[in-house]
$ cat run_32.txt   # compact mmCIF, C-alpha atoms
# COMPACT_ATOMS: atom_id res chain seq x y z
CA MET Z 1 94.72 103.66 36.35
CA THR Z 2 97.19 101.03 37.31
CA ASP Z 3 100.72 101.49 38.53
CA THR Z 4 102.21 100.60 35.17
CA ASP Z 5 100.30 103.43 33.51
CA ARG Z 6 102.27 105.96 35.46
CA THR Z 7 105.63 105.09 33.95
CA GLY Z 8 105.43 107.76 31.30
CA THR Z 9 104.69 110.59 33.69
CA SER Z 10 108.04 110.48 35.50
CA ALA Z 11 106.32 109.35 38.64
CA GLY Z 12 107.97 110.41 41.86
CA PRO Z 13 106.90 109.82 45.42
CA ARG Z 14 104.67 112.89 45.19
CA THR Z 15 102.37 111.69 42.43
CA ARG Z 16 99.48 111.00 44.79
CA PRO Z 17 99.50 113.77 47.34
CA LYS Z 18 95.74 113.80 47.72
CA GLN Z 19 95.41 110.20 48.73
CA GLN Z 20 94.35 109.78 52.34
CA PHE Z 21 96.34 107.08 54.01
CA GLU Z 22 95.58 105.57 57.35
CA LEU Z 23 97.75 106.24 60.37
CA GLY Z 24 95.67 104.50 62.99
CA THR Z 25 95.66 100.97 61.62
CA GLY Z 26 98.17 98.16 61.94
CA PRO Z 27 100.97 99.12 64.33
CA GLY Z 28 99.39 102.56 64.47
CA ARG Z 29 96.44 101.03 66.32
CA VAL Z 30 98.72 100.23 69.25
CA LEU Z 31 99.92 103.84 69.23
CA VAL Z 32 96.31 105.08 69.21
CA TRP Z 33 95.73 103.00 72.32
CA PHE Z 34 98.76 104.27 74.21
CA TYR Z 35 98.21 107.89 73.21
CA GLY Z 36 94.57 107.57 74.20
CA VAL Z 37 95.53 106.18 77.60
CA PHE Z 38 98.03 108.95 78.18
CA THR Z 39 95.57 111.61 77.08
CA VAL Z 40 93.12 110.37 79.70
CA ALA Z 41 95.85 109.95 82.33
CA ALA Z 42 97.42 113.36 81.86
CA ALA Z 43 94.11 115.17 81.45
CA SER Z 44 92.47 113.65 84.53
CA ARG Z 45 95.61 114.23 86.54
CA ALA Z 46 95.74 117.89 85.50
CA VAL Z 47 92.01 118.47 86.07
CA VAL Z 48 91.95 116.83 89.50
CA GLN Z 49 95.06 118.62 90.70
CA MET Z 50 93.96 122.00 89.40
CA ILE Z 51 90.55 121.72 91.05
CA LEU Z 52 91.85 120.40 94.37
CA ASP Z 53 94.76 122.74 94.95
CA PHE Z 54 96.12 124.77 92.06
CA GLY Z 55 98.37 126.88 94.25
CA ARG Z 56 100.44 123.98 95.50
CA ALA Z 57 102.43 123.41 92.32
CA PRO Z 58 101.07 125.56 89.48
CA LEU Z 59 104.00 124.86 87.15
CA ALA Z 60 103.64 121.08 87.45
CA TYR Z 61 99.88 121.22 86.93
CA VAL Z 62 100.10 123.50 83.89
CA LEU Z 63 102.70 121.16 82.40
CA SER Z 64 100.40 118.20 82.96
CA ALA Z 65 97.64 120.06 81.14
CA VAL Z 66 99.99 120.91 78.25
CA ALA Z 67 101.03 117.26 78.04
CA ALA Z 68 97.36 116.24 77.93
CA VAL Z 69 96.68 118.62 75.03
CA VAL Z 70 99.69 117.33 73.09
CA TYR Z 71 98.69 113.70 73.66
CA GLY Z 72 95.11 114.44 72.71
CA PHE Z 73 96.12 116.12 69.48
CA ILE Z 74 98.42 113.25 68.47
CA THR Z 75 95.64 110.73 69.18
CA TYR Z 76 93.26 112.75 67.01
CA SER Z 77 95.83 113.03 64.20
CA LEU Z 78 96.52 109.29 64.22
CA VAL Z 79 92.81 108.54 63.96
CA ARG Z 80 92.27 111.14 61.23
CA GLY Z 81 95.08 110.00 58.93
CA GLY Z 82 96.39 111.66 55.80
CA GLU Z 83 99.50 113.68 55.05
CA LYS Z 84 98.50 116.83 56.93
CA ALA Z 85 97.68 114.91 60.08
CA ARG Z 86 100.89 112.93 59.70
CA ARG Z 87 102.99 116.09 59.62
CA ALA Z 88 101.10 117.66 62.51
CA ALA Z 89 101.54 114.49 64.56
CA LEU Z 90 105.25 114.41 63.71
CA VAL Z 91 105.69 117.98 64.99
CA CYS Z 92 103.75 117.13 68.15
CA CYS Z 93 105.79 113.98 68.76
CA ALA Z 94 108.97 116.07 68.48
CA ALA Z 95 107.49 118.63 70.90
CA GLU Z 96 106.50 115.80 73.22
CA LEU Z 97 110.00 114.32 73.17
CA ALA Z 98 111.50 117.76 73.79
CA GLY Z 99 109.03 118.24 76.65
CA VAL Z 100 109.94 114.93 78.29
CA LEU Z 101 113.67 115.60 77.97
CA VAL Z 102 113.49 119.20 79.21
CA VAL Z 103 111.10 118.51 82.09
CA GLY Z 104 112.93 115.28 82.95
CA THR Z 105 116.28 117.05 83.17
CA TRP Z 106 114.69 120.00 84.95
CA THR Z 107 113.10 117.84 87.65
CA LEU Z 108 116.42 116.10 88.29
CA ALA Z 109 118.51 119.28 88.24
CA GLU Z 110 116.19 121.43 90.32
CA PRO Z 111 113.54 119.36 92.16
CA SER Z 112 112.42 122.41 94.13
CA ALA Z 113 110.83 123.93 91.02
CA PHE Z 114 108.22 121.16 91.08
CA ARG Z 115 106.35 120.59 94.30
CA ASP Z 116 104.35 117.83 92.69
CA ALA Z 117 105.06 115.35 89.92
CA THR Z 118 103.94 115.67 86.29
CA VAL Z 119 103.61 112.98 83.64
CA TRP Z 120 107.03 114.05 82.36
CA SER Z 121 108.87 114.20 85.71
CA ASP Z 122 112.12 112.17 85.90
CA PHE Z 123 111.72 111.27 82.20
CA GLY Z 124 108.37 109.62 82.92
CA MET Z 125 109.74 107.18 85.47
CA GLY Z 126 106.42 107.00 87.30
CA TYR Z 127 104.83 105.83 84.06
CA LEU Z 128 107.37 103.08 83.28
CA PHE Z 129 109.30 105.49 81.01
CA ILE Z 130 106.54 105.17 78.42
CA PRO Z 131 106.47 108.99 78.00
CA VAL Z 132 110.03 108.78 76.59
CA ILE Z 133 109.48 105.66 74.51
CA LEU Z 134 106.17 106.77 73.01
CA PRO Z 135 107.31 109.81 70.98
CA VAL Z 136 110.28 107.87 69.58
CA THR Z 137 108.15 104.95 68.40
CA GLY Z 138 105.55 107.46 67.24
CA MET Z 139 108.03 109.27 65.02
CA MET Z 140 109.38 105.98 63.67
CA TRP Z 141 105.86 104.91 62.75
CA LEU Z 142 104.96 108.26 61.22
CA ARG Z 143 108.10 108.24 59.08
CA ARG Z 144 107.44 104.70 57.91
CA ALA Z 145 103.78 105.38 57.25
CA ARG Z 146 104.74 107.88 54.54
CA SER Z 147 106.99 105.49 52.62
CA ALA Z 148 104.53 102.62 52.93
CA MET C 1 90.25 97.32 99.77
CA LEU C 2 89.66 93.69 98.89
CA ASP C 3 93.23 92.57 98.31
CA ALA C 4 92.24 89.17 96.91
CA LEU C 5 90.19 90.87 94.21
CA THR C 6 93.02 93.26 93.32
CA VAL C 7 95.42 90.33 92.99
CA ALA C 8 92.87 88.36 90.96
CA VAL C 9 92.36 91.23 88.50
CA ALA C 10 96.10 91.78 88.14
CA VAL C 11 96.86 88.09 87.60
CA THR C 12 94.04 87.48 85.10
CA ALA C 13 95.04 90.68 83.29
CA LEU C 14 98.61 89.45 82.95
CA ALA C 15 97.37 86.07 81.75
CA LEU C 16 95.21 87.84 79.15
CA ALA C 17 98.23 89.90 78.10
CA ALA C 18 100.31 86.75 77.64
CA TRP C 19 97.51 85.04 75.73
CA CYS C 20 96.97 87.93 73.34
CA GLY C 21 100.71 88.40 73.08
CA LEU C 22 100.92 84.80 71.91
CA ALA C 23 98.21 85.45 69.33
CA ALA C 24 100.17 88.47 68.09
CA TYR C 25 103.34 86.40 67.96
CA ARG C 26 101.49 83.85 65.81
CA ASP C 27 100.25 86.66 63.56
CA GLN C 28 96.61 86.14 64.57
CA PRO C 29 93.85 88.65 65.33
CA THR C 30 91.81 88.40 68.53
CA LYS C 31 89.17 85.66 68.33
CA ASP C 32 86.00 84.77 70.20
CA TRP C 33 87.93 83.03 72.95
CA HIS C 34 90.04 86.09 73.51
CA PHE C 35 86.90 88.18 73.85
CA ILE C 36 85.56 85.75 76.45
CA GLY C 37 88.85 86.18 78.29
CA MET C 38 88.46 89.96 78.09
CA ALA C 39 84.92 89.61 79.43
CA VAL C 40 86.17 87.63 82.43
CA VAL C 41 88.79 90.24 83.25
CA SER C 42 86.26 93.05 82.74
CA VAL C 43 83.73 91.39 85.06
CA LEU C 44 86.40 91.11 87.76
CA ALA C 45 87.29 94.77 87.25
CA LEU C 46 83.60 95.67 87.47
CA ALA C 47 83.31 93.71 90.73
CA GLN C 48 86.27 95.66 92.02
CA LEU C 49 84.62 98.94 91.04
CA VAL C 50 81.46 97.93 92.93
CA VAL C 51 83.39 96.75 96.00
CA GLY C 52 85.43 99.95 96.01
CA ILE C 53 82.33 102.15 95.87
CA VAL C 54 80.60 100.11 98.59
CA GLN C 55 83.60 100.48 100.85
CA LEU C 56 83.69 104.21 100.25
CA ALA C 57 79.99 104.34 101.08
CA ARG C 58 80.64 102.52 104.33
CA GLY C 59 82.96 105.31 105.37
CA GLU C 60 86.33 103.72 104.67
CA ARG C 61 88.82 106.04 103.05
CA PRO C 62 91.83 105.38 100.80
CA ASP C 63 95.19 106.65 102.00
CA GLN C 64 95.98 108.83 99.01
CA GLY C 65 92.65 110.54 98.48
CA MET C 66 89.21 109.58 97.28
CA THR C 67 89.25 111.35 93.89
CA ILE C 68 92.39 109.57 92.74
CA PHE C 69 91.05 106.27 94.01
CA ILE C 70 87.78 106.62 92.08
CA ALA C 71 89.64 107.77 88.95
CA TYR C 72 91.84 104.67 89.05
CA LEU C 73 88.84 102.40 89.74
CA ILE C 74 87.05 103.73 86.66
CA GLY C 75 90.24 103.60 84.61
CA SER C 76 90.89 99.97 85.50
CA PHE C 77 87.32 99.07 84.62
CA ALA C 78 87.50 100.80 81.23
CA ALA C 79 91.00 99.69 80.15
CA VAL C 80 90.32 96.20 78.77
CA PRO C 81 86.92 96.92 77.13
CA ALA C 82 88.40 99.97 75.38
CA ALA C 83 91.31 97.93 74.05
CA GLY C 84 88.83 95.22 73.04
CA PHE C 85 86.83 97.67 70.92
CA LEU C 86 90.01 98.84 69.21
CA SER C 87 90.91 95.25 68.40
CA LEU C 88 87.41 94.64 66.98
CA THR C 89 88.13 97.14 64.21
CA GLU C 90 91.72 96.01 63.74
CA ARG C 91 91.51 92.42 62.55
CA THR C 92 95.26 91.84 62.39
CA ARG C 93 97.97 90.84 64.84
CA TRP C 94 98.13 94.49 65.89
CA GLY C 95 94.67 94.19 67.38
CA SER C 96 96.06 91.43 69.61
CA VAL C 97 99.01 93.63 70.55
CA THR C 98 96.57 96.38 71.53
CA VAL C 99 94.63 94.09 73.86
CA ALA C 100 97.87 92.76 75.36
CA ALA C 101 98.99 96.34 75.97
CA GLY C 102 95.61 97.17 77.49
CA ALA C 103 95.86 94.22 79.88
CA VAL C 104 99.37 95.27 80.95
CA VAL C 105 98.07 98.79 81.59
CA LEU C 106 95.33 97.27 83.76
CA ALA C 107 97.88 95.27 85.78
CA VAL C 108 99.86 98.45 86.40
CA LEU C 109 96.67 100.26 87.43
CA GLU C 110 96.01 97.48 89.96
CA VAL C 111 99.42 98.00 91.56
CA ARG C 112 98.68 101.73 91.78
CA LEU C 113 95.21 101.02 93.21
CA TYR C 114 96.80 98.87 95.90
CA ASP C 115 99.16 101.72 96.82
CA ILE C 116 96.40 104.32 96.79
CA TRP C 117 94.19 102.33 99.12
CA GLY C 118 97.09 101.59 101.47
CA LYS C 119 97.09 99.58 104.68
$ encode --input "run_32.txt" --output "structure tokens"
Amino acid sequence: MTDTDRTGTSAGPRTRPKQQFELGTGPGRVLVWFYGVFTVAAASRAVVQMILDFGRAPLAYVLSAVAAVVYGFITYSLVRGGEKARRAALVCCAAELAGVLVVGTWTLAEPSAFRDATVWSDFGMGYLFIPVILPVTGMMWLRRARSA
Amino acid sequence: MLDALTVAVAVTALALAAWCGLAAYRDQPTKDWHFIGMAVVSVLALAQLVVGIVQLARGERPDQGMTIFIAYLIGSFAAVPAAGFLSLTERTRWGSVTVAAGAVVLAVLEVRLYDIWGK
């Protein structure tokens, strides 16, 4: 069935909901890379800190672990592709952005709450602000991937 | 650690990033020559991993803790090969962007490694 055949069926954007589209190719491949790197970075940071001395800054270490889970899930969704994964990744990117902004503001407003840094401290300054940039570009890509 | 090696890895990584960035700018995928470049950088990173482990074995200790040091050593060894594999399955300019990004990540890891070792 070609595109011209669909003209009689009042085709809208939802005529092919079942089609699996790729999220991890093209520009998405770069996102897969960065999300993969941050999954590894946040996860290893959380694991090492929790094993060495969990009591020193439990809040910071738990937040690092949460960040690792969010990054891991977005990476998985990008690789999987399809509409369901796209929506899930979109929600996670929003949660990630909210996390960076909340934790970033929190660490600046009340540094005493965090005795050790997380990936999201000071808006991700220790990671070249990539933690702030990544969810924004991620959401832009995920929105464009649907219309493409 | 071996400062010359750290500098060498960082500089070659940045050169690789520029080279692959140029390929991306020209709308080209990574080619054989790029993969040879990645191999060179990876061999240097491997040498650094070996040197780092040898120095730990000889009883020298990094300033900021051994676990973090080893984690960064392994990370800097894996960065470029991992990006290379991604670019193998992405035969467009975006594969080149991925390798360039991987090389920049490696350069940043080298700066961190230098801090972690100290002295």
$ closest_atom_pairs --input "run_32.txt" --of "chain C" --to "chain Z" --cutoff "7 Å" --atoms "all atoms listed in the file" --output "Markdown table"
| residue | atom | partner | partner_atom | distance |
| --- | --- | --- | --- | --- |
| C:Ala83 | CA | Z:Trp33 | CA | 6.9 |
| C:Glu90 | CA | Z:Thr25 | CA | 6.7 |
| C:Thr92 | CA | Z:Gly26 | CA | 7.0 |
| C:Trp94 | CA | Z:Gly26 | CA | 5.4 |
| C:Val97 | CA | Z:Val30 | CA | 6.7 |
| C:Thr98 | CA | Z:Val30 | CA | 5.0 |
$ residues_around --input "run_32.txt" --residues "segment 116-118 of chain C" --least-positions-apart "2" --cutoff "6 Å" --atoms "all atoms listed in the file" --output "VMD selection string"
chain C and resid 62 to 64 113 to 114
$ atom_distance --input "run_32.txt" --atom1 "atom CA of Val62 of chain Z" --atom2 "atom CA of Ala42 of chain Z"
10.7 Å
$ closest_residue --input "run_32.txt" --among "Z:Leu78, Z:Leu90, Z:Leu97, Z:Ala117" --to "Tyr61 of chain Z" --atoms "only C-alpha atoms"
Z:Ala117
$ axis_aligned_box --input "run_32.txt" --around "segment 25-34 of chain Z" --padding-each-side "6 Å" --output "lines of an AutoDock Vina configuration file"
center_x = 98.3
center_y = 101.6
center_z = 67.9
size_x = 17.3
size_y = 18.9
size_z = 24.6
$ closest_residue --input "run_32.txt" --among "C:Met38, C:Ala45, C:Ile53, C:Val9" --to "Met66 of chain C" --atoms "all atoms listed in the file"
C:Ile53
$ closest_residue --input "run_32.txt" --among "Z:Met50, Z:Ala43, Z:Leu142, Z:Ala113" --to "Val70 of chain Z" --atoms "all atoms listed in the file"
Z:Ala43
$ atom_distance --input "run_32.txt" --atom1 "atom CA of Val41 of chain C" --atom2 "atom CA of Arg26 of chain C"
22.5 Å
$ residues_around --input "run_32.txt" --residues "Leu109 of chain C" --least-positions-apart "3" --cutoff "12 Å" --atoms "all atoms listed in the file" --output "PyMOL selection string"
(chain Z and resi 37+41+126-128) or (chain C and resi 6-7+9-10+13-14+45+68-80+102-106+112-116)
$ closest_residue --input "run_32.txt" --among "Z:Leu23, Z:Val103, Z:Ile51, Z:Cys92" --to "Val69 of chain Z" --atoms "all atoms listed in the file"
Z:Cys92
$ atom_distance --input "run_32.txt" --atom1 "atom CA of Asp27 of chain C" --atom2 "atom CA of Ala101 of chain C"
15.8 Å
$ closest_residue --input "run_32.txt" --among "Z:Gly104, Z:Glu22, Z:Thr39, Z:Ala109" --to "Trp141 of chain Z" --atoms "only C-alpha atoms"
Z:Glu22
$ residues_around --input "run_32.txt" --residues "Phe73 of chain Z" --least-positions-apart "6" --cutoff "10 Å" --atoms "only C-alpha atoms" --output "PyMOL selection string"
chain Z and resi 35-36+39+67+79+85+88-89+92-93
$ closest_residue --input "run_32.txt" --among "C:Ala57, C:Ala82, C:Leu22, C:Thr67" --to "Ser42 of chain C" --atoms "all atoms listed in the file"
C:Ala82
